[in-house]
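To be precise, the following lines are structure-v5.cif, and they hold mmCIF, C-alpha atoms.
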data_upload
loop_
_atom_site.label_atom_id
_atom_site.label_comp_id
_atom_site.auth_asym_id
_atom_site.auth_seq_id
_atom_site.Cartn_x
_atom_site.Cartn_y
_atom_site.Cartn_z
CA MET R 286 139.16 -15.95 87.11
CA ILE R 287 140.97 -12.94 85.65
CA PRO R 288 138.70 -10.01 84.67
CA SER R 289 138.37 -9.58 80.91
CA PHE R 290 139.65 -5.98 80.94
CA ILE R 291 142.94 -7.15 82.46
CA CYS R 292 143.28 -9.77 79.73
CA LYS R 293 142.66 -7.12 77.07
CA ILE R 294 145.32 -4.83 78.55
CA TYR R 295 147.72 -7.76 78.75
CA LEU R 296 147.17 -8.69 75.09
CA LYS R 297 147.73 -5.10 73.97
CA ILE R 298 151.00 -4.96 75.87
CA LEU R 299 152.11 -8.28 74.37
CA GLN R 300 151.33 -6.97 70.90
CA LYS R 301 153.47 -3.91 71.59
CA TYR R 302 156.41 -5.95 72.84
CA SER R 303 156.48 -8.81 70.39
CA LEU R 304 159.07 -10.24 68.02
CA PHE R 305 156.25 -10.94 65.60
CA ASN R 306 156.05 -7.19 64.88
CA LEU R 307 159.76 -6.81 64.04
CA PRO R 308 161.68 -7.43 60.79
CA ARG R 309 162.45 -11.09 60.39
CA LYS R 310 165.87 -12.43 61.35
CA GLU R 311 167.19 -15.98 61.50
CA ILE R 312 166.69 -17.40 65.01
CA PHE R 313 168.27 -20.62 66.26
CA ILE R 314 167.31 -22.39 69.48
CA VAL R 315 169.82 -24.86 70.97
CA LEU R 316 168.46 -27.55 73.27
CA GLY R 317 169.88 -30.63 74.97
CA ALA R 318 170.49 -32.28 78.32
CA SER R 319 173.02 -30.84 80.75
CA ARG R 320 176.62 -31.81 79.86
CA SER R 321 175.68 -32.77 76.29
CA GLY R 322 177.52 -30.15 74.23
CA THR R 323 175.00 -27.30 74.01
CA SER R 324 177.64 -24.76 75.11
CA LEU R 325 180.06 -25.99 72.45
CA THR R 326 177.30 -25.72 69.86
CA MET R 327 176.62 -22.12 70.87
CA LYS R 328 180.34 -21.37 70.55
CA LEU R 329 180.28 -22.86 67.04
CA LEU R 330 177.34 -20.62 66.16
CA LYS R 331 179.24 -17.61 67.50
CA GLU R 332 182.25 -18.53 65.38
CA SER R 333 179.89 -18.76 62.40
CA GLY R 334 178.88 -15.12 62.86
CA ILE R 335 175.57 -15.71 64.64
CA PHE R 336 174.92 -13.39 67.57
CA VAL R 337 174.87 -15.27 70.90
CA GLY R 338 174.99 -12.31 73.30
CA HIS R 339 177.42 -9.79 74.74
CA ILE R 340 179.84 -11.15 77.34
CA LYS R 341 178.46 -8.86 80.06
CA ASP R 342 174.98 -10.36 79.61
CA LEU R 343 176.06 -14.01 79.74
CA LYS R 344 176.73 -16.46 82.55
CA ARG R 345 180.41 -16.36 83.40
CA PRO R 346 182.70 -19.32 82.62
CA ASP R 347 183.78 -21.39 85.62
CA LYS R 348 185.87 -24.45 86.41
CA ASP R 349 183.08 -26.75 85.17
CA ASN R 350 182.82 -24.94 81.84
CA PRO R 351 185.89 -22.71 81.35
CA ARG R 352 185.04 -21.96 77.71
CA GLY R 353 181.71 -20.41 78.60
CA TYR R 354 178.05 -21.41 78.83
CA PHE R 355 176.65 -18.85 76.37
CA GLU R 356 173.54 -18.58 78.51
CA TYR R 357 171.85 -15.25 79.24
CA ASN R 358 171.61 -14.31 82.92
CA GLU R 359 168.27 -12.67 82.20
CA GLU R 360 166.90 -15.83 80.59
CA HIS R 361 167.90 -17.79 83.71
CA LYS R 362 166.05 -15.36 85.94
CA LEU R 363 162.92 -15.37 83.80
CA SER R 364 162.91 -19.17 83.49
CA ALA R 365 163.23 -19.49 87.26
CA LYS R 366 160.21 -17.20 87.63
CA LEU R 367 158.20 -19.27 85.16
CA ILE R 368 158.87 -22.40 87.21
CA LYS R 369 158.16 -20.66 90.52
CA GLN R 370 154.88 -19.34 89.13
CA ALA R 371 153.79 -22.81 87.99
CA ASP R 372 151.40 -24.82 90.14
CA SER R 373 154.18 -27.04 91.46
CA GLY R 374 156.40 -24.05 92.19
CA LYS R 375 159.59 -26.01 91.58
CA GLU R 376 161.45 -27.99 88.96
CA GLU R 377 160.16 -31.57 88.95
CA ILE R 378 161.43 -33.06 85.73
CA LEU R 379 161.25 -36.59 87.11
CA THR R 380 157.55 -36.46 87.97
CA GLU R 381 154.82 -37.34 85.51
CA ASN R 382 152.46 -34.61 86.69
CA PHE R 383 154.88 -31.69 86.26
CA SER R 384 153.20 -28.76 84.53
CA LEU R 385 154.12 -25.18 83.69
CA ASN R 386 150.47 -24.16 83.95
CA THR R 387 149.22 -22.05 86.81
CA LYS R 388 145.68 -21.85 88.16
CA LYS R 389 145.96 -19.44 91.08
CA LEU R 390 144.91 -15.88 90.25
CA THR R 391 147.94 -14.29 91.93
CA LYS R 392 150.34 -16.52 90.03
CA LYS R 393 148.52 -15.86 86.76
CA LEU R 394 148.97 -12.14 87.26
CA GLN R 395 152.63 -12.69 88.07
CA ARG R 396 152.96 -14.82 84.93
CA PHE R 397 151.48 -11.96 82.87
CA ILE R 398 154.29 -9.68 84.03
CA THR R 399 156.94 -12.35 83.46
CA ARG R 400 155.81 -12.99 79.91
CA ILE R 401 155.87 -9.28 79.12
CA ARG R 402 159.45 -9.20 80.43
CA MET R 403 160.26 -12.23 78.27
CA ASN R 404 159.10 -10.36 75.20
CA LYS R 405 161.13 -7.27 76.07
CA PHE R 406 164.19 -9.44 76.67
CA LEU R 407 163.79 -11.19 73.31
CA ILE R 408 163.30 -7.88 71.50
CA LYS R 409 166.53 -6.60 73.06
CA ILE R 410 168.47 -9.58 71.66
CA HIS R 411 166.73 -9.25 68.30
CA ASN R 412 167.70 -5.59 68.01
CA GLN R 413 171.31 -6.27 69.03
CA ALA R 414 171.76 -8.93 66.33
CA ASN R 415 172.57 -8.03 62.74
CA ASP R 416 170.77 -10.73 60.82
CA SER R 417 170.70 -13.83 63.06
CA TRP R 418 170.87 -14.81 66.71
CA ALA R 419 170.80 -17.90 68.90
CA LEU R 420 169.43 -18.72 72.33
CA LYS R 421 169.96 -21.65 74.68
CA PRO R 422 166.87 -21.52 76.91
CA HIS R 423 166.14 -23.56 80.00
CA PHE R 424 164.88 -26.89 78.66
CA ILE R 425 161.96 -27.19 81.06
CA THR R 426 160.56 -23.75 80.24
CA PHE R 427 161.10 -24.03 76.47
CA PRO R 428 157.37 -24.70 75.81
CA LEU R 429 156.65 -21.18 77.10
CA TRP R 430 159.60 -19.49 75.41
CA GLN R 431 158.82 -20.93 71.99
CA ALA R 432 155.40 -19.28 71.97
CA HIS R 433 157.15 -15.88 71.91
CA ILE R 434 159.69 -16.65 69.17
CA PRO R 435 158.59 -16.69 65.51
CA ASN R 436 160.08 -18.84 62.77
CA PHE R 437 162.91 -20.29 64.82
CA LYS R 438 165.05 -23.26 63.85
CA LEU R 439 165.91 -25.92 66.39
CA ILE R 440 169.34 -27.49 66.98
CA ILE R 441 169.13 -30.57 69.21
CA VAL R 442 172.42 -31.72 70.73
CA PHE R 443 172.90 -35.07 72.42
CA ARG R 444 175.57 -37.33 73.84
CA HIS R 445 175.47 -40.99 74.83
CA PRO R 446 173.34 -41.22 78.00
CA VAL R 447 176.04 -43.06 79.97
CA ILE R 448 178.64 -40.36 79.24
CA THR R 449 176.09 -37.64 80.02
CA ALA R 450 175.18 -39.27 83.32
CA HIS R 451 178.84 -39.74 84.26
CA SER R 452 179.61 -36.09 83.45
CA ASN R 453 176.70 -34.87 85.57
CA ILE R 454 177.78 -37.06 88.47
CA LYS R 455 181.32 -35.72 88.19
CA TYR R 456 180.51 -32.02 87.93
CA LYS R 457 177.40 -31.89 90.10
CA LYS R 458 178.89 -34.06 92.84
CA PHE R 459 176.21 -36.75 93.08
CA LYS R 460 173.24 -34.38 93.18
CA ARG R 461 171.26 -37.33 91.81
CA SER R 462 172.00 -41.01 91.34
CA PHE R 463 173.56 -42.30 88.12
CA GLN R 464 170.34 -44.10 87.26
CA ALA R 465 168.35 -40.89 87.84
CA TYR R 466 170.47 -39.05 85.27
CA ILE R 467 169.84 -41.84 82.77
CA SER R 468 166.11 -41.45 83.36
CA ILE R 469 166.32 -37.66 83.01
CA TRP R 470 168.25 -38.05 79.75
CA GLU R 471 165.54 -40.29 78.33
CA LYS R 472 162.70 -37.94 79.30
CA ILE R 473 164.45 -34.89 77.89
CA TYR R 474 165.12 -36.45 74.51
CA ARG R 475 161.68 -37.98 74.21
CA GLU R 476 160.40 -34.41 74.44
CA LEU R 477 162.99 -33.10 72.01
CA ILE R 478 162.13 -35.77 69.44
CA TYR R 479 158.58 -34.45 69.63
CA TYR R 480 159.81 -30.88 68.98
CA TYR R 481 161.94 -32.17 66.13
CA SER R 482 158.74 -33.25 64.40
CA ARG R 483 157.18 -29.80 64.79
CA TYR R 484 159.91 -27.34 63.81
CA PRO R 485 162.73 -27.05 61.24
CA SER R 486 165.42 -29.01 63.08
CA ILE R 487 168.68 -30.86 63.01
CA VAL R 488 170.13 -33.34 65.49
CA ILE R 489 173.87 -33.37 66.12
CA SER R 490 175.99 -35.59 68.33
CA TYR R 491 178.67 -34.14 70.60
CA ASP R 492 180.47 -37.48 70.39
CA ASP R 493 180.67 -37.03 66.61
CA LEU R 494 181.97 -33.46 66.97
CA ILE R 495 184.96 -34.63 69.01
CA ASN R 496 185.55 -37.57 66.64
CA SER R 497 188.13 -36.54 64.04
CA ARG R 498 186.65 -38.96 61.49
CA LYS R 499 183.12 -37.58 61.73
CA ARG R 500 183.75 -33.94 62.67
CA ASP R 501 183.83 -32.43 59.17
CA GLN R 502 180.50 -34.01 58.25
CA VAL R 503 178.79 -32.68 61.37
CA LEU R 504 180.23 -29.19 60.95
CA GLN R 505 179.19 -29.11 57.30
CA LYS R 506 175.66 -30.11 58.30
CA LEU R 507 175.58 -27.25 60.79
CA ILE R 508 176.85 -24.82 58.13
CA ASN R 509 174.20 -26.01 55.69
CA PHE R 510 171.47 -25.59 58.29
CA THR R 511 172.44 -22.11 59.43
CA GLY R 512 173.75 -20.84 56.11
CA LYS R 513 176.78 -19.47 57.91
CA GLY R 514 180.31 -20.44 58.86
CA ASN R 515 183.56 -21.74 57.46
CA ILE R 516 184.49 -25.32 58.19
CA ASP R 517 188.19 -24.56 58.74
CA ASN R 518 187.34 -21.85 61.29
CA LEU R 519 184.81 -24.06 63.06
CA LYS R 520 187.30 -26.92 63.37
CA LYS R 521 189.55 -24.64 65.44
CA VAL R 522 186.82 -24.51 68.11
CA ILE R 523 187.00 -28.30 68.59
CA THR R 524 190.17 -28.58 70.66
CA PRO R 525 191.67 -31.99 71.62
CA GLU R 526 191.05 -31.56 75.35
CA LEU R 527 187.29 -31.45 74.76
CA ASP R 528 187.32 -35.24 74.68
CA ARG R 529 187.55 -36.07 78.37
CA SER R 530 186.23 -39.61 78.01
CA THR R 531 188.38 -42.36 79.51
CA LYS R 532 188.86 -46.06 78.88
CA GLU R 533 186.81 -46.71 82.00
CA ILE R 534 183.85 -44.73 80.65
CA ASN R 535 184.08 -46.43 77.27
CA LYS R 536 184.02 -49.76 79.05
CA LEU R 537 181.04 -48.63 81.13
CA ILE R 538 179.15 -47.85 77.92
CA GLU R 539 179.73 -51.43 76.82
CA ILE R 540 178.58 -53.06 80.05
CA TYR R 541 176.00 -50.66 81.52
CA PRO R 542 172.49 -52.15 81.06
CA LEU R 543 170.55 -49.26 79.57
CA PRO R 544 166.77 -49.68 79.92
CA GLN R 545 165.11 -50.76 76.70
CA SER R 546 163.16 -47.49 76.52
CA THR R 547 166.40 -45.48 76.79
CA ARG R 548 168.04 -47.56 74.07
CA GLU R 549 165.07 -46.87 71.80
CA VAL R 550 165.40 -43.11 72.30
CA LEU R 551 169.14 -43.28 71.62
CA GLU R 552 168.55 -45.30 68.46
CA THR R 553 166.02 -42.73 67.25
CA LEU R 554 168.47 -39.89 67.81
CA GLU R 555 171.16 -41.80 65.93
CA LYS R 556 168.77 -42.09 62.97
CA LEU R 557 167.75 -38.42 63.12
CA LYS R 558 171.34 -37.15 63.17
CA GLY R 559 171.73 -38.17 59.53
CA LEU R 560 173.50 -35.67 57.31
CA ASP R 561 170.36 -34.34 55.66
CA ALA R 562 168.71 -31.56 57.69
CA LYS R 563 164.98 -31.91 58.20
#
How does the structure come out when it is put into structure tokens?
Amino acid sequence: MIPSFICKIYLKILQKYSLFNLPRKEIFIVLGASRSGTSLTMKLLKESGIFVGHIKDLKRPDKDNPRGYFEYNEEHKLSAKLIKQADSGKEEILTENFSLNTKKLTKKLQRFITRIRMNKFLIKIHNQANDSWALKPHFITFPLWQAHIPNFKLIIVFRHPVITAHSNIKYKKFKRSFQAYISIWEKIYRELIYYYSRYPSIVISYDDLINSRKRDQVLQKLINFTGKGNIDNLKKVITPELDRSTKEINKLIEIYPLPQSTREVLETLEKLKGLDAK
């Protein structure tokens, strides 16, 4: 058990380094499964005039994502610490007993320091932004990040689970089985549907963004939600080569037997992506 005086000191430090003490700015959190269009969404927010970080602070583009990830290196480091300091000590998104909690005294003390650093990191972004900023945090550690961010709005991005699984297989070179990625997709979006019910949120489909018939509607919904952006400028971000789907993948979507539970999650997301923002 942690002595009470340490807890008091910790709380005082958190109060000193807290976004809740700063002037309010619009904050947008972008969440989704890997290879689902979260990076594209961050680029759209940047084009809209929302601060997404200085280049030197962000993960560098690579062959898997040449247009950029728009992910903070510091956020990656802090999220990795949060996972390491959890009881499991590693990322176990497929297990039912995964928890971010920590019971060991040494890890609790380490977590105190990490959370103080999280606050200082968030304050740095907040001060760099003019009137609005966006963050794409590690999905697994989002429950801890959200406790430090006041009045944020949530943008949930999804893609068909079969396409997402195929893309992960392709770019991560069979790190997991195809079926495992389908299962991961389902678990992620079950959680995100829960968050949708708790915070001001919209759901957008990457597949709709790259569809010329639906693109304008999705971009207009994003503009309405953020209060920023010009649809003609945003359309320039959606380049033709973004659609890498093939006839084979489209056929796989038709024949791949998605589990009933996965189909139900997909159907719910399709309903939630309606044009009216929640």
Report task. List, as a PyMOL selection string, every residue that the PyMOL selection byres ((chain R and resi 485) around 7) selects in the file provided. Result -> chain R and resi 438-439+484+486+563
Query raised in the report: Can you list what the PyMOL selection byres ((chain R and resi 441) around 7) grabs from this structure, as a list in words?
Result: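 Taken on the displayed file, the PyMOL selection byres ((chain R and resi 441) around 7) yields the residues Val315, Leu316, Gly317, Leu439, Ile440, Val442, Phe443, Ile487, Val488 and Ile489 of chain R.
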Query - Shell around range 351-366 of chain R at 8 Å using all atoms listed in the file, local window under 3 positions removed, as a PyMOL selection string - result: chain R and resi 324+327-328+337-338+342-348+369-370+399+402-403+406+420-423+426
Query raised in the report: Which residue gives the smallest distance to Thr524 in chain R among R:Leu329, R:Lys409, R:Ile473, R:Thr553, with all atoms listed in the file counted?
Result: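 Among the listed residues, the smallest separation from Thr524 in chain R belongs to R:Leu329.
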Query raised in the report: Nearest to Asn518 in chain R: which of R:Thr449, R:Tyr479, R:Asp492, R:Asp501 is it, counting all atoms listed in the file?
Result: R:Asp501
